[in-house]
$ cat coords_5.txt   # compact mmCIF, C-alpha atoms
# COMPACT_ATOMS: atom_id res chain seq x y z
CA MET A 1 -65.35 -39.62 -116.78
CA LYS A 2 -65.36 -38.75 -120.45
CA ARG A 3 -62.49 -36.83 -121.88
CA GLU A 4 -63.40 -33.21 -122.50
CA ASP A 5 -62.22 -33.35 -126.10
CA SER A 6 -64.27 -36.40 -127.08
CA HIS A 7 -66.16 -34.58 -129.81
CA PRO A 8 -69.81 -35.60 -130.01
CA ASP A 9 -70.11 -35.68 -133.80
CA LEU A 10 -73.43 -34.63 -135.17
CA THR A 11 -75.62 -37.12 -136.95
CA ASP A 12 -76.63 -36.18 -140.48
CA VAL A 13 -80.12 -35.47 -139.14
CA GLU A 14 -78.76 -33.00 -136.58
CA ARG A 15 -76.32 -31.48 -139.06
CA ARG A 16 -79.00 -30.78 -141.64
CA ALA A 17 -81.42 -29.44 -139.06
CA LEU A 18 -78.79 -27.02 -137.75
CA ARG A 19 -77.79 -25.84 -141.22
CA ALA A 20 -81.44 -25.20 -142.01
CA LEU A 21 -81.49 -22.63 -139.18
CA ALA A 22 -79.37 -20.35 -141.36
CA GLU A 23 -82.57 -19.88 -143.37
CA GLY A 24 -85.23 -17.75 -141.80
CA PRO A 25 -87.03 -14.43 -141.90
CA GLU A 26 -85.79 -11.57 -144.01
CA PRO A 27 -84.87 -8.37 -142.20
CA PRO A 28 -87.68 -5.82 -142.04
CA PRO A 29 -87.53 -3.49 -145.07
CA GLU A 30 -87.33 -0.38 -142.88
CA LEU A 31 -84.09 -1.63 -141.30
CA ALA A 32 -82.03 -0.41 -144.28
CA ALA A 33 -83.31 3.15 -143.85
CA ALA A 34 -82.77 3.02 -140.08
CA THR A 35 -79.19 1.81 -140.61
CA LEU A 36 -78.54 4.56 -143.13
CA ARG A 37 -79.81 7.17 -140.68
CA ARG A 38 -77.47 5.84 -138.00
CA LEU A 39 -74.53 5.97 -140.41
CA GLU A 40 -75.39 9.49 -141.50
CA GLU A 41 -75.75 10.59 -137.91
CA SER A 42 -72.35 9.10 -137.10
CA GLY A 43 -70.81 10.90 -140.08
CA LEU A 44 -69.87 7.60 -141.70
CA ILE A 45 -71.66 8.17 -144.97
CA ALA A 46 -72.61 11.24 -146.92
CA LYS A 47 -76.26 12.12 -147.17
CA ALA A 48 -77.98 11.11 -150.42
CA GLY A 49 -78.11 13.91 -152.98
CA GLY A 50 -75.17 15.77 -151.52
CA ARG A 51 -72.00 14.87 -149.74
CA ARG A 52 -72.43 17.02 -146.69
CA PRO A 53 -70.60 15.71 -143.67
CA ALA A 54 -72.54 14.96 -140.51
CA TRP A 55 -71.42 18.05 -138.59
CA ARG A 56 -72.88 20.23 -141.34
CA ILE A 57 -76.18 18.34 -141.29
CA ARG A 58 -76.40 18.82 -137.55
CA LEU A 59 -75.55 22.52 -137.89
CA LEU A 60 -78.25 23.00 -140.52
CA ALA A 61 -80.78 21.09 -138.42
CA ALA A 62 -79.87 23.20 -135.39
CA ALA A 63 -80.21 26.39 -137.42
CA ALA A 64 -83.60 25.26 -138.75
CA ALA A 65 -84.76 24.41 -135.25
CA LEU A 66 -83.64 27.80 -133.96
CA ALA A 67 -85.52 29.49 -136.78
CA LEU A 68 -88.69 27.59 -135.91
CA PHE A 69 -88.24 28.47 -132.25
CA ALA A 70 -87.84 32.13 -133.18
CA LEU A 71 -91.10 31.95 -135.08
CA GLY A 72 -92.84 30.69 -131.99
CA LEU A 73 -93.44 27.27 -133.44
CA GLY A 74 -91.19 25.56 -130.93
CA VAL A 75 -88.29 23.29 -131.51
CA GLY A 76 -88.19 19.64 -132.23
CA ILE A 77 -90.78 19.16 -134.94
CA GLY A 78 -89.07 16.04 -136.13
CA LEU A 79 -85.65 17.68 -136.24
CA ARG A 80 -84.25 16.86 -132.81
CA PRO A 81 -80.82 18.40 -133.50
CA GLY A 82 -77.96 16.76 -131.73
CA SER A 83 -79.91 13.73 -130.63
CA ARG A 84 -79.75 10.23 -132.06
CA LEU A 85 -82.13 9.95 -134.97
CA ALA A 86 -85.42 8.28 -134.27
CA PRO A 87 -85.37 4.51 -134.80
CA ALA A 88 -87.42 2.97 -137.56
CA PRO A 89 -91.12 2.56 -136.80
CA ALA A 90 -91.41 -0.32 -134.36
CA THR A 91 -93.41 -3.43 -135.18
CA PRO A 92 -96.92 -3.14 -133.73
CA ARG A 93 -97.30 -4.72 -130.31
CA PHE A 94 -100.24 -6.59 -128.88
CA ALA A 95 -101.20 -7.47 -125.34
CA LEU A 96 -102.56 -10.96 -124.71
CA PHE A 97 -104.64 -11.00 -121.51
CA LEU A 98 -105.02 -14.47 -120.08
CA TYR A 99 -108.23 -15.16 -118.20
CA ASP A 100 -108.62 -18.27 -116.07
CA ALA A 101 -111.94 -20.12 -116.36
CA PRO A 102 -114.33 -19.77 -113.40
CA ASP A 103 -114.12 -23.53 -112.81
CA GLU A 104 -110.32 -23.61 -112.99
CA LYS A 105 -109.20 -25.96 -110.21
CA GLU A 106 -106.72 -24.81 -107.60
CA LEU A 107 -103.30 -26.07 -108.69
CA THR A 108 -100.79 -27.58 -106.30
CA GLY A 109 -97.35 -25.97 -106.10
CA ALA A 110 -95.83 -28.61 -108.38
CA GLN A 111 -98.69 -28.31 -110.88
CA MET A 112 -98.31 -24.54 -110.89
CA ARG A 113 -94.57 -24.79 -111.52
CA ALA A 114 -95.21 -27.24 -114.38
CA ARG A 115 -97.81 -24.89 -115.82
CA VAL A 116 -95.48 -21.90 -115.60
CA ASP A 117 -92.71 -23.95 -117.27
CA GLU A 118 -95.11 -24.86 -120.04
CA TYR A 119 -96.02 -21.22 -120.69
CA ARG A 120 -92.36 -20.19 -120.49
CA SER A 121 -91.43 -22.84 -123.02
CA TRP A 122 -94.17 -21.61 -125.34
CA ALA A 123 -92.95 -18.02 -124.92
CA ARG A 124 -89.40 -19.06 -125.76
CA GLY A 125 -90.69 -20.72 -128.91
CA VAL A 126 -92.47 -17.51 -129.90
CA ARG A 127 -89.25 -15.58 -129.24
CA ALA A 128 -87.15 -18.10 -131.17
CA ALA A 129 -89.45 -17.53 -134.13
CA GLY A 130 -88.37 -13.90 -134.12
CA ARG A 131 -91.12 -12.13 -132.22
CA ASP A 132 -90.58 -9.93 -129.20
CA ILE A 133 -92.43 -11.30 -126.24
CA SER A 134 -92.58 -10.44 -122.58
CA GLY A 135 -95.10 -11.14 -119.88
CA GLU A 136 -95.84 -11.97 -116.29
CA LYS A 137 -98.16 -14.13 -114.32
CA LEU A 138 -100.45 -11.97 -112.20
CA GLU A 139 -101.16 -12.57 -108.51
CA SER A 140 -104.83 -12.84 -107.65
CA GLY A 141 -106.47 -10.00 -105.80
CA GLY A 142 -105.44 -6.39 -106.17
CA ARG A 143 -107.60 -3.33 -106.06
CA VAL A 144 -109.90 -1.60 -108.46
CA LEU A 145 -109.89 2.18 -108.38
CA GLY A 146 -112.63 4.50 -109.54
CA PRO A 147 -116.38 3.98 -109.44
CA SER A 148 -117.43 0.89 -107.53
CA ASP A 149 -118.76 -0.83 -110.61
CA ALA A 150 -115.57 -0.23 -112.59
CA ALA A 151 -113.78 -3.34 -113.67
CA PRO A 152 -110.22 -3.47 -115.03
CA GLY A 153 -110.21 -4.31 -118.72
CA ARG A 154 -113.92 -5.17 -118.62
CA PRO A 155 -113.35 -8.86 -117.94
CA PRO A 156 -115.88 -11.33 -119.28
CA ALA A 157 -118.88 -11.91 -117.05
CA GLY A 158 -119.15 -15.07 -115.02
CA GLY A 159 -116.16 -15.05 -112.73
CA TRP A 160 -113.27 -15.26 -115.17
CA ALA A 161 -110.11 -14.09 -113.45
CA LEU A 162 -107.32 -12.18 -115.15
CA GLY A 163 -104.34 -14.42 -114.45
CA GLY A 164 -101.52 -13.06 -116.55
CA TYR A 165 -100.49 -11.31 -119.69
CA PHE A 166 -98.00 -11.37 -122.55
CA VAL A 167 -96.90 -8.55 -124.81
CA ILE A 168 -95.82 -9.67 -128.27
CA SER A 169 -94.75 -8.02 -131.50
CA ALA A 170 -96.75 -8.92 -134.60
CA PRO A 171 -97.35 -7.23 -137.92
CA ASP A 172 -101.12 -7.09 -137.42
CA LEU A 173 -104.04 -8.33 -135.31
CA GLU A 174 -104.50 -11.53 -137.30
CA ALA A 175 -100.87 -12.53 -136.76
CA ALA A 176 -101.18 -11.72 -133.04
CA VAL A 177 -104.34 -13.85 -132.80
CA ALA A 178 -102.51 -16.71 -134.51
CA VAL A 179 -99.78 -16.53 -131.86
CA ALA A 180 -102.38 -16.37 -129.09
CA ARG A 181 -104.10 -19.48 -130.46
CA SER A 182 -100.86 -21.43 -130.03
CA CYS A 183 -100.59 -20.49 -126.34
CA PRO A 184 -101.13 -23.44 -123.97
CA HIS A 185 -103.62 -21.31 -122.05
CA VAL A 186 -106.29 -22.03 -124.67
CA ARG A 187 -105.70 -25.77 -124.31
CA HIS A 188 -106.14 -25.46 -120.56
CA GLY A 189 -109.60 -23.98 -121.05
CA GLY A 190 -108.51 -20.37 -120.56
CA ARG A 191 -109.56 -17.32 -122.51
CA ILE A 192 -107.17 -14.87 -124.16
CA GLU A 193 -108.09 -11.33 -125.04
CA VAL A 194 -105.81 -9.86 -127.73
CA ARG A 195 -105.53 -6.08 -127.75
CA ALA A 196 -103.35 -3.79 -129.85
CA ILE A 197 -101.13 -1.54 -127.78
CA ALA A 198 -101.70 2.07 -128.74
CA ARG A 199 -98.77 3.80 -130.37
CA THR A 200 -97.97 7.03 -128.63
CA MET B 1 -73.03 -41.44 -135.58
CA ALA B 2 -71.91 -39.51 -138.63
CA GLY B 3 -68.25 -38.86 -139.22
CA GLY B 4 -67.08 -35.55 -140.61
CA ASP B 5 -65.33 -37.34 -143.50
CA ARG B 6 -68.41 -38.79 -145.17
CA PRO B 7 -69.08 -37.57 -148.71
CA ASP B 8 -72.57 -36.23 -147.92
CA ALA B 9 -71.19 -34.41 -144.90
CA GLU B 10 -68.52 -32.88 -147.13
CA ALA B 11 -71.15 -31.76 -149.62
CA LEU B 12 -73.03 -30.15 -146.75
CA GLU B 13 -69.85 -28.39 -145.61
CA ALA B 14 -69.41 -26.94 -149.09
CA SER B 15 -72.97 -25.60 -149.06
CA ALA B 16 -72.52 -23.89 -145.70
CA PRO B 17 -73.41 -20.20 -145.66
CA ALA B 18 -69.85 -19.31 -144.68
CA ALA B 19 -68.31 -21.29 -147.57
CA ARG B 20 -68.06 -18.36 -149.95
CA SER B 21 -66.71 -18.67 -153.45
CA GLY B 22 -63.91 -16.67 -155.02
CA ASP B 23 -66.56 -14.77 -156.93
CA ASP B 24 -68.22 -13.77 -153.66
CA LEU B 25 -64.89 -12.55 -152.34
CA ARG B 26 -64.22 -10.50 -155.49
CA LYS B 27 -67.66 -8.90 -155.28
CA ASP B 28 -67.17 -8.09 -151.60
CA ARG B 29 -63.79 -6.48 -152.34
CA LEU B 30 -65.27 -4.48 -155.23
CA PHE B 31 -68.26 -3.26 -153.20
CA VAL B 32 -66.10 -2.38 -150.21
CA SER B 33 -63.64 -0.43 -152.33
CA ARG B 34 -66.51 1.43 -154.06
CA PHE B 35 -67.98 2.30 -150.68
CA LEU B 36 -64.67 3.47 -149.26
CA GLU B 37 -64.14 5.70 -152.30
CA SER B 38 -67.55 7.34 -152.26
CA ARG B 39 -68.95 6.83 -148.75
CA ASP B 40 -72.34 7.39 -150.32
CA GLU B 41 -75.73 5.85 -149.77
CA ALA B 42 -75.89 3.92 -153.04
CA ALA B 43 -72.56 2.18 -152.41
CA PHE B 44 -73.61 1.34 -148.87
CA ARG B 45 -76.94 -0.06 -150.02
CA ASP B 46 -75.10 -2.46 -152.38
CA LEU B 47 -72.94 -3.68 -149.52
CA TYR B 48 -75.89 -3.87 -147.15
CA ALA B 49 -78.01 -5.84 -149.61
CA ARG B 50 -75.31 -8.50 -149.97
CA HIS B 51 -75.05 -9.17 -146.26
CA CYS B 52 -78.16 -7.89 -144.50
CA GLY B 53 -80.17 -11.15 -144.67
CA ALA B 54 -77.47 -13.39 -143.23
CA LEU B 55 -76.40 -10.80 -140.64
CA TYR B 56 -79.99 -10.23 -139.49
CA ARG B 57 -80.74 -13.94 -139.16
CA PHE B 58 -77.45 -14.51 -137.35
CA LEU B 59 -78.35 -11.76 -134.85
CA LEU B 60 -81.87 -13.10 -134.53
CA ARG B 61 -80.49 -16.50 -133.49
CA LEU B 62 -77.82 -14.93 -131.30
CA THR B 63 -80.05 -12.53 -129.40
CA GLY B 64 -83.39 -14.32 -129.68
CA ARG B 65 -85.28 -11.05 -130.17
CA ALA B 66 -86.28 -9.24 -133.34
CA SER B 67 -85.79 -5.82 -131.72
CA ASP B 68 -82.27 -6.76 -130.59
CA ALA B 69 -81.50 -8.11 -134.06
CA ASP B 70 -82.65 -4.77 -135.55
CA GLU B 71 -80.43 -2.84 -133.16
CA GLY B 72 -77.56 -5.28 -133.70
CA VAL B 73 -77.68 -4.88 -137.47
CA GLN B 74 -77.46 -1.09 -137.16
CA GLU B 75 -74.70 -1.18 -134.56
CA THR B 76 -72.70 -3.77 -136.53
CA TRP B 77 -72.75 -1.60 -139.65
CA VAL B 78 -71.82 1.53 -137.70
CA ARG B 79 -68.82 -0.27 -136.21
CA ALA B 80 -67.96 -1.94 -139.52
CA CYS B 81 -68.02 1.35 -141.44
CA ARG B 82 -65.74 2.89 -138.81
CA SER B 83 -63.06 0.26 -139.27
CA LEU B 84 -63.64 -1.01 -142.81
CA GLU B 85 -60.52 0.78 -144.05
CA ARG B 86 -58.44 -1.34 -141.70
CA PHE B 87 -60.15 -4.64 -142.61
CA ALA B 88 -57.30 -6.85 -143.86
CA TRP B 89 -59.37 -9.58 -145.61
CA ARG B 90 -57.84 -12.34 -143.51
CA SER B 91 -61.39 -13.70 -143.24
CA ALA B 92 -64.53 -13.38 -145.33
CA LEU B 93 -66.40 -10.11 -144.87
CA SER B 94 -69.39 -12.06 -143.54
CA THR B 95 -67.18 -13.67 -140.87
CA TRP B 96 -65.79 -10.29 -139.86
CA LEU B 97 -69.32 -8.85 -139.58
CA ALA B 98 -70.40 -11.81 -137.44
CA GLY B 99 -67.46 -11.10 -135.12
CA ILE B 100 -68.50 -7.47 -134.74
CA ALA B 101 -72.07 -8.57 -134.04
CA ILE B 102 -70.92 -11.02 -131.36
CA ARG B 103 -68.74 -8.43 -129.61
CA TRP B 104 -71.63 -5.95 -129.64
CA TRP B 105 -74.02 -8.51 -128.16
CA ARG B 106 -71.53 -9.52 -125.45
CA GLU B 107 -71.22 -5.85 -124.47
CA GLU B 108 -74.99 -5.55 -124.44
CA CYS B 109 -75.37 -8.63 -122.23
CA ARG B 110 -72.82 -7.25 -119.78
CA ARG B 111 -74.52 -3.86 -119.84
CA ARG B 112 -77.91 -5.44 -119.18
CA GLY B 113 -76.47 -7.64 -116.44
CA ARG B 114 -77.54 -10.88 -118.04
CA LEU B 115 -75.28 -13.01 -115.90
CA TRP B 116 -77.68 -15.93 -116.11
CA ASP B 117 -76.44 -16.45 -119.63
CA LEU B 118 -73.37 -18.08 -118.12
CA GLU B 119 -75.26 -20.85 -116.35
CA ASP B 120 -74.50 -23.62 -118.83
CA GLU B 121 -70.75 -23.07 -118.62
CA LYS B 122 -70.89 -23.48 -114.85
CA ALA B 123 -72.81 -26.73 -115.10
CA ASP B 124 -70.87 -29.95 -115.39
CA ALA B 125 -71.13 -30.86 -119.04
CA GLY B 126 -70.44 -34.47 -118.05
CA VAL B 127 -74.03 -34.94 -116.93
CA PHE B 128 -75.17 -34.33 -120.48
CA ALA B 129 -72.73 -36.79 -122.04
CA ALA B 130 -75.14 -39.72 -122.09
CA ALA B 131 -77.82 -38.04 -124.19
CA ALA B 132 -78.57 -40.08 -127.30
CA PRO B 133 -78.74 -38.38 -130.70
CA PRO B 134 -82.32 -37.89 -131.89
CA ASP B 135 -83.83 -39.80 -134.84
CA ALA B 136 -85.48 -36.66 -136.10
CA VAL B 137 -85.14 -33.01 -135.18
CA ASP B 138 -88.10 -30.67 -135.18
CA ARG B 139 -87.14 -27.16 -136.24
CA ILE B 140 -89.18 -25.48 -133.51
CA ASP B 141 -87.67 -27.76 -130.85
CA LEU B 142 -84.21 -26.98 -132.19
CA GLU B 143 -84.86 -23.23 -132.23
CA ARG B 144 -86.05 -23.41 -128.63
CA ALA B 145 -83.11 -25.54 -127.51
CA LEU B 146 -80.66 -23.18 -129.21
CA ALA B 147 -82.33 -20.12 -127.72
CA ASP B 148 -82.06 -21.70 -124.27
CA LEU B 149 -78.31 -22.28 -124.53
CA SER B 150 -75.91 -19.96 -122.75
CA LEU B 151 -74.42 -17.25 -124.93
CA GLY B 152 -71.00 -18.97 -125.26
CA TYR B 153 -72.54 -22.26 -126.34
CA ARG B 154 -74.98 -20.53 -128.67
CA GLU B 155 -72.09 -18.70 -130.35
CA ALA B 156 -70.21 -21.99 -130.84
CA ILE B 157 -73.18 -23.80 -132.41
CA LEU B 158 -74.20 -20.84 -134.55
CA LEU B 159 -70.75 -20.14 -135.93
CA HIS B 160 -69.69 -23.73 -136.57
CA ASP B 161 -72.80 -25.83 -137.07
CA VAL B 162 -75.29 -23.33 -138.46
CA TYR B 163 -73.04 -20.98 -140.45
CA GLY B 164 -70.21 -23.40 -141.22
CA HIS B 165 -67.26 -21.34 -140.01
CA THR B 166 -64.09 -23.34 -139.36
CA HIS B 167 -62.46 -23.60 -135.95
CA ALA B 168 -59.54 -21.53 -137.32
CA GLU B 169 -61.95 -18.74 -138.31
CA ILE B 170 -63.81 -18.91 -135.02
CA ALA B 171 -60.55 -18.86 -133.07
CA GLU B 172 -59.46 -15.67 -134.83
CA LEU B 173 -62.90 -14.15 -134.55
CA LEU B 174 -63.30 -14.73 -130.84
CA GLU B 175 -59.61 -14.36 -130.00
CA MET B 176 -59.16 -17.88 -128.61
CA ASP B 177 -57.08 -20.86 -129.72
CA GLU B 178 -58.53 -23.57 -131.91
CA GLY B 179 -58.46 -26.13 -129.11
CA THR B 180 -60.70 -23.90 -127.00
CA SER B 181 -63.09 -23.46 -129.90
CA LYS B 182 -63.28 -27.24 -130.38
CA SER B 183 -63.88 -28.03 -126.72
CA GLN B 184 -66.48 -25.24 -126.46
CA LEU B 185 -68.33 -26.72 -129.45
CA SER B 186 -68.06 -30.18 -127.97
CA ARG B 187 -69.71 -29.10 -124.72
CA ALA B 188 -72.29 -27.01 -126.57
CA ARG B 189 -73.34 -29.98 -128.71
CA ARG B 190 -73.76 -32.20 -125.66
CA VAL B 191 -75.94 -29.64 -123.91
CA LEU B 192 -77.97 -28.98 -127.06
CA ARG B 193 -78.54 -32.71 -127.60
CA ALA B 194 -79.57 -33.13 -123.98
CA ARG B 195 -82.01 -30.23 -124.29
CA LEU B 196 -83.52 -31.81 -127.39
CA GLY B 197 -83.77 -35.06 -125.42
CA GLU B 198 -85.65 -33.28 -122.63
CA GLY B 199 -88.16 -32.12 -125.22
CA ARG B 200 -88.75 -35.70 -126.37
CA THR B 201 -89.51 -37.12 -122.96
$ encode --input "coords_5.txt" --output "structure tokens"
Amino acid sequence: MKREDSHPDLTDVERRALRALAEGPEPPPELAAATLRRLEESGLIAKAGGRRPAWRIRLLAAAAALALFALGLGVGIGLRPGSRLAPAPATPRFALFLYDAPDEKELTGAQMRARVDEYRSWARGVRAAGRDISGEKLESGGRVLGPSDAAPGRPPAGGWALGGYFVISAPDLEAAVAVARSCPHVRHGGRIEVRAIART
Amino acid sequence: MAGGDRPDAEALEASAPAARSGDDLRKDRLFVSRFLESRDEAAFRDLYARHCGALYRFLLRLTGRASDADEGVQETWVRACRSLERFAWRSALSTWLAGIAIRWWREECRRRGRLWDLEDEKADAGVFAAAAPPDAVDRIDLERALADLSLGYREAILLHDVYGHTHAEIAELLEMDEGTSKSQLSRARRVLRARLGEGRT
């Protein structure tokens, strides 16, 4: 049994590779503004252009909201007095729908587990690169509601089955498509439909 | 196997992100004192600009999610600005910020019930002892292996091997003794190397 304090020194190769991880993406530009809003809301910094403390800002916002309400315009048009300020605009999100080919062979339990591990490993790589990602494998079957000829998501003709999905963050459609291209599903003969998620 | 006393290893130590010069320290002190005097946006932006990149990337590696890193940056600064007056400069400002970020993320993990993050610590690290060091390390493989580590091991690797903090700094930061920090790093390196080995086979 090895002693617990036998330090496994890093090789130079490992050491350099680890140090290189300190380099990476820059924070999104809007993060500075979001942080400032949080600090203002918490009363930790004075608002730009005037050094009004947070309680006064909240009081003014509440008064403005009341005035709007009195005018019949309703409250909350971006003021939301007393609540935490809205976070910075989120990065756009895209849904990746994974269709299995019509001639996809039935996988054994072990093959299925290996396949799921492969997709999970890919997803972890996407996440490690700084993108949000979530997703699930879908069970086959289910029900379609509505008119009898309705089909969920208008799947491609020819017996392709919707087998799973991922939701990722990406700055735009092209970036989302690039991520989708790297998914093992494409290599396994599957089809991926990339759709932007509507911002509400 | 490289020893820590080799000249190139020493040069690498000196270039570590946490190895900050006296000039860096003076600038940090100046910017902090300006901010504490004015508590205004301009002074905060100066302070933020000096540290936001490293803090964001640290949180990105720690949490593995861009949205959590965004939230972590905001929460770290809120907490830092609350207690900046009491900051005693026993460590670099960047080290202190990293400590705040780690405590926030631990709270978040507890709040979200991410108990699975403790799995590595429960495993017998002895089974990983035989893993051979790799000839080359692919960045993507390393990022994945690091992201897969338990939180405690990830903290150890990030603080010591990625950001170059000393065991003394880590011990103060995480309120543990230096021996614990060293043994934690030791186990973390074994598991990380074994994970990289799994990727090669």
$ atom_distance --input "coords_5.txt" --atom1 "atom CA of Gly125 of chain A" --atom2 "atom CA of Asp141 of chain B"
7.9 Å
$ interface_residues --input "coords_5.txt" --of "chain B" --to "chain A" --cutoff "7 Å" --atoms "all atoms listed in the file" --output "MDAnalysis selection string"
chainID B and resid 1:3 39:41 53 56:57 60 64:67 70 74 78 81:82 136:137 139:140 143:144 147 161:163 183 186 189:190
$ atom_distance --input "coords_5.txt" --atom1 "atom CA of Leu174 of chain B" --atom2 "atom CA of Gly72 of chain B"
17.3 Å
$ residues_near_point --input "coords_5.txt" --point "(-103.2, -13.3, -119.7)" --cutoff "10 Å" --atoms "all atoms listed in the file" --output "MDAnalysis selection string"
chainID A and resid 95:100 135:138 161:167 180 185 190:194
